[in-house]
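Notes follow the structure.
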Amino acid sequence: MTRARWHLGTGSLVLAWLAAAVVIALLQRNLPASVWLMVHVTLLGAATNAIVIWSAHFSSALARLPDKPDRRDEIARLIVLNISVIALLVAVVRGVWPITLISGLAIVAVIAWHTWELLSRMRRALPSRFGATVRYYLLAGLFLMIGVGLGVLSSRGGFDLRLQIGLVIAHATVNVLGWIGLTIVGTLVTLWPTILRTQAAAGAERAARLALPILVAGISVIALGSLIGVRFGVVLGLLGYLAGLVVASRPMLAETRNKPPVSFAAWSVLAGWVWFLFCIAALAVIAAISPTWEQITQRAGALTSLLVVGFVAQVLAGSLSYLLPVMAGGGPQPIRWRNAVVDRAAMARVAATNVALVFAALPVADSVKTVASAVALLTLAAALPLLARAMMRPPDSAVGPRGTSGPEPPKGAVGGTVVGVSVTLLALAAAVGAAPPETTPATATTVSQVATGHTETVDVRMRGMRYIPDQVRVNPGDALIINVINEGDDVHDLVLETGQRTPRMQPGESAQLDVGVVERQLDGWCSVAGHRQMGMVFTVLVNDEPAAMAQHSDGHEASAASAADDLDLMAEPAAGFKAHDPRLPPAPPGRVHRVRLEVTQQEQEVAPGVVQTRWMFGGSAPGPTLRGRVGDRFEIELVNSGDIGHSIDFHAGSLAPDKPMRTIAPGQSLRYTFTATKAGIWMYHCSTMPMSMHIANGMFGAVIIDPPDLEPVDKEFVLVSSEAYLGPQAGTADMAKIQAERPDLVTFNGYANQYDYDPLEVEVGQRIRIWVLAAGPNRGTAFHVVGGQFDTVYQEGDYLLQRAAGGSQVLGLSVAQGGFVELSLPQPGNYPFVSHAMVDAERGAHGILRATD
């Protein structure tokens, strides 16, 4: 295989990964873990392939070794690497940790093989001015092996919060600053002057040798500090790494002064390098000023797009735009043609990308951020089709006799810059003009507004279910700007009655709300379901109105458009209706049960023609029933794929609730481990405030721990009783109804009367065990089988009757209590089961046991 064919083929592989990253970014609303996927497809897919391919090329060039005619080992490494990366991405998203481990080990093996090959070349190297820069590649490979291990370990979970955060920071550090950062720094020592078509600056090799130990020390200190919980170590390491970049930048600056950039390749690489310096400095500031590790990760997350797109993607696009045309060969004219292709609208693209990145990083409205991100993504992605075109066969006009040439590279760098900046600013201006009210300062609704020219700026903090302060005062005609900071542990926002609002903010995030001129009192609240009713309300007062006049609308009125208006409990479900499966399988074998519970929000029918958006564990409401024996260990991975904070509380385990029951933000996960020491049917539920809202909206389920002396039966069923407080069609539960304890439905397993239409099938004389849990959130149940009698009753961990001569008619349970009953049905027929609180049976707590011969 010729060198040209090799680099064209492998270049296509890198471009394919970059194209996949663009597709993921465009489809992120429809993909799970889309941000994580986009980052890792770019870094682990595109960048890692590029590094493996080009570090082998540059190490041979620097060592003055000829190209290997046989590339079978390199092909094998690339095949295994790409299969392993794809497997790892799928396994992490799907939560399959054994595959994550296996694919991670395969990636480590490939990089170890690659690093050993580079080391072998270095040992055979001829004397060379820049031969020492191969050490950058060797140490980068070592860091990636460590980084993959840390990533696999962090995906396993099970650690306390602080160590989990430390693992994530260390993983990101050694991968981004080590594997990618060291490779780019080492490569640019020689590639940057080559792109500029100038000589390397005097002392460039000395700067490279000096910068390497500083950079390695910085990476090591950051990783160690994050793992042992020393924030000062992270700050010190970042400052050290920044110092190493400054040392490496000095010869680059001299080369740039000697020969300023003129091509897309040069400007793109230079812009990426500037973003790299900026991000490291910003991370050092974030680590220094953030009071908690959680806030460090949350604030640092805002720099993700700048590191991935601003730094890595721009450097990668620029480098490939220089390297691929040169490696394709064919002589001076085809290379000039290829350069002209990749340089089309070069300055316009670079300017648009980087202006858009600036706006995406600023605290501006969500609509502006969205447009800015799209502009940056699309203008940078424009390099992909141009590179693909440049890798094709040039036209005949580009391969004529010596002295002829293809199209000239585009001129007008200044004009291109103006065009790129102007188009970006016009797009952002259009986003502001088309934005909803929160991005356009809206004034009060009085007819006469006389602005005073004074602007009042206030800070409002969100903690728990409160704004602090919950009132602010301004003079009539003053403009008001509110800086809103989320210092709590849940997602919140601030919505004013004018329609202005902040975006929903994760813990540690902040936003600015420009209210405009205020002439009258304005009420505000948090729009997250249930938070307003929990007292999360806010008032803007004007100084000619007394504080006593501030009357919050507390949201206790029921929604005027409630789905209860469409409720008909005599209606039948649609054809093909299938009830929630109530059958209970035996406890699974083994004493350790590993379960992944993903929190989602989905529309679900709760009665014929009545749909609600339910928050679910494991894709159902109630969530999946877990079963085990006394002494069994349960390892639960909770993954929050919703859009607000959630948590989980397992009554079946006895442990300190602080860490395992904490609220986690969207996109986060936690490990909850407990050992079942007591028998019974135990409730699990979301414990995020307002807890009543989260439970009423579907976040509950059962854990059954068999009593040691549990007798065998012919059939087992599980029924979870709960209430529904209907909000609007396709909406969430109505918090006002929950607080007033006015349920619209009471159900077994989440759907009114469902077992009237899909009965529980048994045979006459079979021994039946029915487990019952009262999930609430506000009402218990009085479980009764019409025409049946219980000879065994087990409630809250003990038998009230055990196959006794006496009998029982009702299993009475308060909220969160559980138990089981056993009975046999003597004759064929339909035996209704109900809650004998008759109003609840009439609200949907009704089903049928159908006995046949």
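Numbering starts fresh at 1 for the residues of each chain in the structure tokens, the chains themselves are lettered A, B, ... in the order given, and ligands are numbered from 1 as they appear.
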
Inset, instruction - Find the residues around Met693 of chain A up to 7 Å (only C-alpha atoms counted), leave out those fewer than 6 positions away in its own chain, and share them as a list of chain:residue names. - result: A:Gly530, A:Ala733, A:Met735

Export of prior selection with N, CA, C and O atoms as a PDB file, in the first residue's frame:
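Saved result, out-v3.pdb, follows:
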```pdb
ATOM      1  N   GLY A 530     -44.635  20.813  41.173  1.00  0.00           N
ATOM      2  CA  GLY A 530     -44.765  20.712  42.617  1.00  0.00           C
ATOM      3  C   GLY A 530     -43.980  21.723  43.413  1.00  0.00           C
ATOM      4  O   GLY A 530     -44.266  21.928  44.602  1.00  0.00           O
ATOM      5  N   ALA A 733     -49.040  15.262  37.342  1.00  0.00           N
ATOM      6  CA  ALA A 733     -50.049  15.292  38.394  1.00  0.00           C
ATOM      7  C   ALA A 733     -50.297  16.715  38.885  1.00  0.00           C
ATOM      8  O   ALA A 733     -49.438  17.594  38.778  1.00  0.00           O
ATOM      9  N   MET A 735     -50.554  19.221  41.676  1.00  0.00           N
ATOM     10  CA  MET A 735     -50.063  19.355  43.043  1.00  0.00           C
ATOM     11  C   MET A 735     -51.129  19.896  43.982  1.00  0.00           C
ATOM     12  O   MET A 735     -51.178  19.534  45.154  1.00  0.00           O
TER      13      MET A 735
END
```

Legend entry - Residue contacts of His492 of chain A (9 Å, only C-alpha atoms) excluding same-chain residues fewer than 2 positions away, as a VMD selection string: chain A and resid 462 465 486 488 490 494 503 to 507 526 to 528 531 644

Proximity check segment 18-78 of chain A to segment 100-119 of chain A, 10 Å, nearest pairs one decimal Å, only C-alpha atoms, as CSV:
```
residue,atom,partner,partner_atom,distance
A:Leu44,CA,A:Ile107,CA,9.9
A:Thr48,CA,A:Ile111,CA,9.6
A:Val52,CA,A:His114,CA,7.3
A:Ile53,CA,A:His114,CA,9.7
A:Ser55,CA,A:Leu118,CA,8.3
A:Ala56,CA,A:Leu118,CA,6.7
A:His57,CA,A:Leu118,CA,9.9
A:Phe58,CA,A:Leu118,CA,10.0
A:Ser59,CA,A:Leu118,CA,6.8
A:Ser60,CA,A:Leu118,CA,8.3
A:Ala63,CA,A:Leu118,CA,10.0
A:Asp73,CA,A:His114,CA,9.5
A:Glu74,CA,A:His114,CA,8.3
A:Ala76,CA,A:Val110,CA,9.2
A:Arg77,CA,A:Val110,CA,5.9
A:Leu78,CA,A:Val110,CA,8.3
```

Inset, instruction - Check segment 639-716 of chain A with DSSP on the backbone and list each residue it calls strand (DSSP E or B), as number ranges by chain. - result: A: 639-640, 646, 649-650, 664, 669-675, 680-685, 700-706, 715-716

Inset, instruction - Could you please determine the separation between atom CA of Asp70 of chain A and atom CA of Arg121 of chain A in Å, to one decimal place? - result: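 Computing the Euclidean distance for atom CA of Asp70 of chain A and atom CA of Arg121 of chain A yields 15.1 Å.
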
Legend entry - Computed interatomic separation between atom CA of Asn475 of chain A and atom CA of Val542 of chain A (Å):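 Spanning atom CA of Asn475 of chain A to atom CA of Val542 of chain A is a straight-line distance of 5.4 Å.
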
Legend entry - Spatial neighbours of Gly806 of chain A, max dist 12 Å, only C-alpha atoms, sep filter under 3 positions, as JSON, numbers by chain: {"A": [789, 790, 791, 792, 793, 800, 801, 802, 803, 809]}

Give me the segment 255-299 of chain A side of the contact with segment 337-342 of chain A, cut-off 12 Å, one line per residue showing its nearest atom pair and distance in Å at one decimal, counting only C-alpha atoms, sorted by chain and residue number, as CSV.
```
residue,atom,partner,partner_atom,distance
A:Val262,CA,A:Asn339,CA,11.6
A:Ser263,CA,A:Asn339,CA,8.5
A:Phe264,CA,A:Val342,CA,7.2
A:Ala265,CA,A:Val342,CA,8.3
A:Ala266,CA,A:Val342,CA,11.7
A:Ser268,CA,A:Val342,CA,11.6
```

Could those residues be written to a file, using N, CA, C and O atoms, as a compact mmCIF listing (two decimals), in the first residue's frame?
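Now in selection35.txt:
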```txt
# COMPACT_ATOMS: atom_id res chain seq x y z
N VAL A 262 -2.22 32.12 6.78
CA VAL A 262 -2.99 32.55 5.60
C VAL A 262 -4.00 31.50 5.18
O VAL A 262 -4.94 31.80 4.47
N SER A 263 -3.82 30.25 5.63
CA SER A 263 -4.69 29.16 5.17
C SER A 263 -5.70 28.79 6.25
O SER A 263 -5.57 29.16 7.43
N PHE A 264 -6.73 28.03 5.83
CA PHE A 264 -7.69 27.51 6.81
C PHE A 264 -6.98 26.65 7.85
O PHE A 264 -7.27 26.74 9.04
N ALA A 265 -6.05 25.81 7.40
CA ALA A 265 -5.34 24.93 8.33
C ALA A 265 -4.67 25.73 9.43
O ALA A 265 -4.79 25.42 10.62
N ALA A 266 -3.96 26.78 9.05
CA ALA A 266 -3.21 27.57 10.04
C ALA A 266 -4.16 28.30 10.98
O ALA A 266 -3.98 28.28 12.21
N SER A 268 -7.28 27.63 11.74
CA SER A 268 -8.06 26.71 12.56
C SER A 268 -7.22 26.15 13.71
O SER A 268 -7.65 26.09 14.86
```

Inset, instruction - Write out as a list in words each polymer residue whose atoms come within 12 Å of Trp6 of chain A, counting only C-alpha atoms; drop sequence neighbours fewer than 4 positions from it. - result: Met1, Thr2, Thr10, Gly11, Ser12, Leu13, Ile53, Trp54, His57, Asp67, Lys68, Pro69, Asp70, Arg71, Arg72, Glu74, Ile75, Leu324, Met327, Ala328, Gly329 and Met391 of chain A

Legend entry - A:Gly698, A:Pro251, A:Gly131, A:Gly667 ranked by distance to Ser641 of chain A, top pick (using only C-alpha atoms): A:Gly667

Legend entry - Contact residues around Val176 of chain A with only C-alpha atoms at 9 Å, ignoring same-chain residues under 3 positions, as a PyMOL selection string: chain A and resi 43+144+171-173+179-182+307+312

Could you please take those selected residues and save C-alpha atoms as a PDB file, in the first residue's frame?
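This went into part_7.pdb:
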```pdb
ATOM      1  CA  LEU A  43     -12.318  12.367  21.497  1.00  0.00           C
ATOM      2  CA  LEU A 144      -4.607   7.060  27.830  1.00  0.00           C
ATOM      3  CA  HIS A 171     -10.365  10.410  33.911  1.00  0.00           C
ATOM      4  CA  ALA A 172     -11.025  13.613  31.965  1.00  0.00           C
ATOM      5  CA  THR A 173      -7.640  15.071  32.935  1.00  0.00           C
ATOM      6  CA  TRP A 179      -3.522  11.665  25.651  1.00  0.00           C
ATOM      7  CA  ILE A 180      -4.811  14.466  23.429  1.00  0.00           C
ATOM      8  CA  GLY A 181      -3.046  17.504  24.902  1.00  0.00           C
ATOM      9  CA  LEU A 182       0.461  16.021  24.990  1.00  0.00           C
ATOM     10  CA  LEU A 307     -12.601  22.013  24.768  1.00  0.00           C
ATOM     11  CA  VAL A 312      -9.793  19.463  19.743  1.00  0.00           C
TER      12      VAL A 312
END
```

Inset, instruction - Using backbone DSSP assignments, extract all helix (DSSP H, G or I) residues from segment 191-249 of chain A; output them as number ranges by chain. - result: A: 191-196, 204-228, 231-249

Save the residues we just selected, C-alpha atoms, as a short mmCIF file (atom, residue, chain, number, x, y, z; two decimals), in the first residue's frame?
```
data_model
loop_
_atom_site.label_atom_id
_atom_site.label_comp_id
_atom_site.auth_asym_id
_atom_site.auth_seq_id
_atom_site.Cartn_x
_atom_site.Cartn_y
_atom_site.Cartn_z
CA LEU A 191 3.80 20.68 12.31
CA TRP A 192 3.04 24.34 13.10
CA PRO A 193 6.02 25.84 11.24
CA THR A 194 5.37 23.36 8.43
CA ILE A 195 1.75 24.57 8.09
CA LEU A 196 3.01 28.17 8.09
CA ALA A 204 12.00 25.19 19.57
CA GLU A 205 13.48 21.81 20.46
CA ARG A 206 14.72 23.14 23.82
CA ALA A 207 11.27 24.55 24.61
CA ALA A 208 9.74 21.16 23.76
CA ARG A 209 12.13 19.34 26.10
CA LEU A 210 11.47 21.87 28.89
CA ALA A 211 7.68 21.89 28.51
CA LEU A 212 7.22 18.09 28.63
CA PRO A 213 8.09 17.45 32.32
CA ILE A 214 6.08 20.54 33.36
CA LEU A 215 3.02 19.29 31.49
CA VAL A 216 3.37 15.75 32.82
CA ALA A 217 3.76 17.03 36.38
CA GLY A 218 0.67 19.21 35.98
CA ILE A 219 -1.44 16.31 34.74
CA SER A 220 -0.24 14.07 37.56
CA VAL A 221 -0.94 16.66 40.27
CA ILE A 222 -4.46 17.36 38.93
CA ALA A 223 -5.34 13.66 38.80
CA LEU A 224 -3.88 12.91 42.22
CA GLY A 225 -5.50 15.96 43.81
CA SER A 226 -8.93 15.02 42.45
CA LEU A 227 -8.63 11.40 43.61
CA ILE A 228 -7.56 12.23 47.18
CA ARG A 231 -8.72 20.98 45.68
CA PHE A 232 -5.52 23.01 45.99
CA GLY A 233 -3.70 20.21 44.16
CA VAL A 234 -6.10 20.53 41.23
CA VAL A 235 -5.57 24.29 41.09
CA LEU A 236 -1.79 23.91 41.35
CA GLY A 237 -1.75 21.22 38.66
CA LEU A 238 -3.80 23.34 36.25
CA LEU A 239 -1.52 26.33 36.78
CA GLY A 240 1.51 24.09 36.20
CA TYR A 241 -0.02 22.69 33.02
CA LEU A 242 -0.78 26.23 31.84
CA ALA A 243 2.85 27.17 32.50
CA GLY A 244 3.97 24.24 30.34
CA LEU A 245 1.68 25.41 27.52
CA VAL A 246 3.14 28.91 27.77
CA VAL A 247 6.66 27.48 27.43
CA ALA A 248 5.57 25.48 24.37
CA SER A 249 3.84 28.56 22.93
#
```

Inset, instruction - Please provide the set of residues having any atom within 9 Å of Ala317 of chain A, restricted to only C-alpha atoms, with same-chain residues fewer than 6 positions apart removed, written as a ChimeraX atom specification. - result: /A:265,268-269,380-381,383-384,387

Can I get the selected residues back with all heavy atoms, as a CSV table (one decimal), in the first residue's frame?
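To be explicit, this is the file written out as selection-v3.csv:
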```csv
chain,number,residue,atom,x,y,z
A,265,ALA,N,-6.1,25.8,7.4
A,265,ALA,CA,-5.3,24.9,8.3
A,265,ALA,C,-4.7,25.7,9.4
A,265,ALA,O,-4.8,25.4,10.6
A,265,ALA,CB,-4.3,24.1,7.6
A,268,SER,N,-7.3,27.6,11.7
A,268,SER,CA,-8.1,26.7,12.6
A,268,SER,C,-7.2,26.2,13.7
A,268,SER,O,-7.7,26.1,14.9
A,268,SER,CB,-8.6,25.6,11.7
A,268,SER,OG,-9.4,24.7,12.4
A,269,VAL,N,-6.0,25.8,13.4
A,269,VAL,CA,-5.1,25.3,14.5
A,269,VAL,C,-4.8,26.4,15.5
A,269,VAL,O,-4.8,26.2,16.7
A,269,VAL,CB,-3.8,24.7,13.8
A,269,VAL,CG1,-2.7,24.4,14.9
A,269,VAL,CG2,-4.1,23.5,13.0
A,380,LEU,N,-17.9,24.6,11.4
A,380,LEU,CA,-16.7,23.7,11.5
A,380,LEU,C,-16.9,22.4,10.7
A,380,LEU,O,-16.0,21.9,10.1
A,380,LEU,CB,-16.4,23.4,13.0
A,380,LEU,CG,-15.2,22.6,13.3
A,380,LEU,CD1,-13.9,23.3,12.8
A,380,LEU,CD2,-15.1,22.4,14.8
A,381,ALA,N,-18.1,21.9,10.8
A,381,ALA,CA,-18.4,20.7,10.0
A,381,ALA,C,-18.3,20.9,8.5
A,381,ALA,O,-18.1,19.9,7.8
A,381,ALA,CB,-19.8,20.2,10.4
A,383,ALA,N,-15.9,21.7,7.0
A,383,ALA,CA,-14.5,21.2,6.6
A,383,ALA,C,-14.6,19.8,6.1
A,383,ALA,O,-13.8,19.3,5.3
A,383,ALA,CB,-13.5,21.3,7.8
A,384,LEU,N,-15.6,19.0,6.6
A,384,LEU,CA,-15.7,17.6,6.3
A,384,LEU,C,-15.9,17.3,4.8
A,384,LEU,O,-15.2,16.6,4.2
A,384,LEU,CB,-16.7,16.9,7.2
A,384,LEU,CG,-16.5,17.0,8.7
A,384,LEU,CD1,-17.6,16.2,9.4
A,384,LEU,CD2,-15.1,16.4,9.0
A,387,LEU,N,-12.9,18.4,2.8
A,387,LEU,CA,-11.8,17.4,2.9
A,387,LEU,C,-12.1,16.2,2.1
A,387,LEU,O,-11.2,15.6,1.4
A,387,LEU,CB,-11.5,17.0,4.4
A,387,LEU,CG,-10.7,18.0,5.2
A,387,LEU,CD1,-10.8,17.7,6.7
A,387,LEU,CD2,-9.2,17.9,4.7
```

Inset, instruction - Have a look at atom CA of Pro334 of chain A and atom CA of Arg393 of chain A and let me know their distance in Å, one decimal. - result: 8.7 Å

Legend entry - For segment 649-662 of chain A: contacts at 9 Å, only C-alpha atoms, fewer than 5 positions along chain excluded, given as a list in words: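 Neighbouring residues, sequence-local ones excluded: Asp160, Leu161, Asp489, Phe634, Leu670, Arg671, Tyr672, Thr673, Phe674, Thr675, Ala676, Thr677, Lys678, Ala679, Gly680, Ile681, Trp682, Met683, Tyr684, His685, Cys686, Ser687, Thr688, Ala702, Val703, Ile704 and Ile705 of chain A.
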
Inset, instruction - Check the smallest atom-to-atom distance from each of A:Ile286, A:Ala372, A:Ala816, A:Val810 to His836 of chain A using only C-alpha atoms, then report the winner. - result: A:Val810
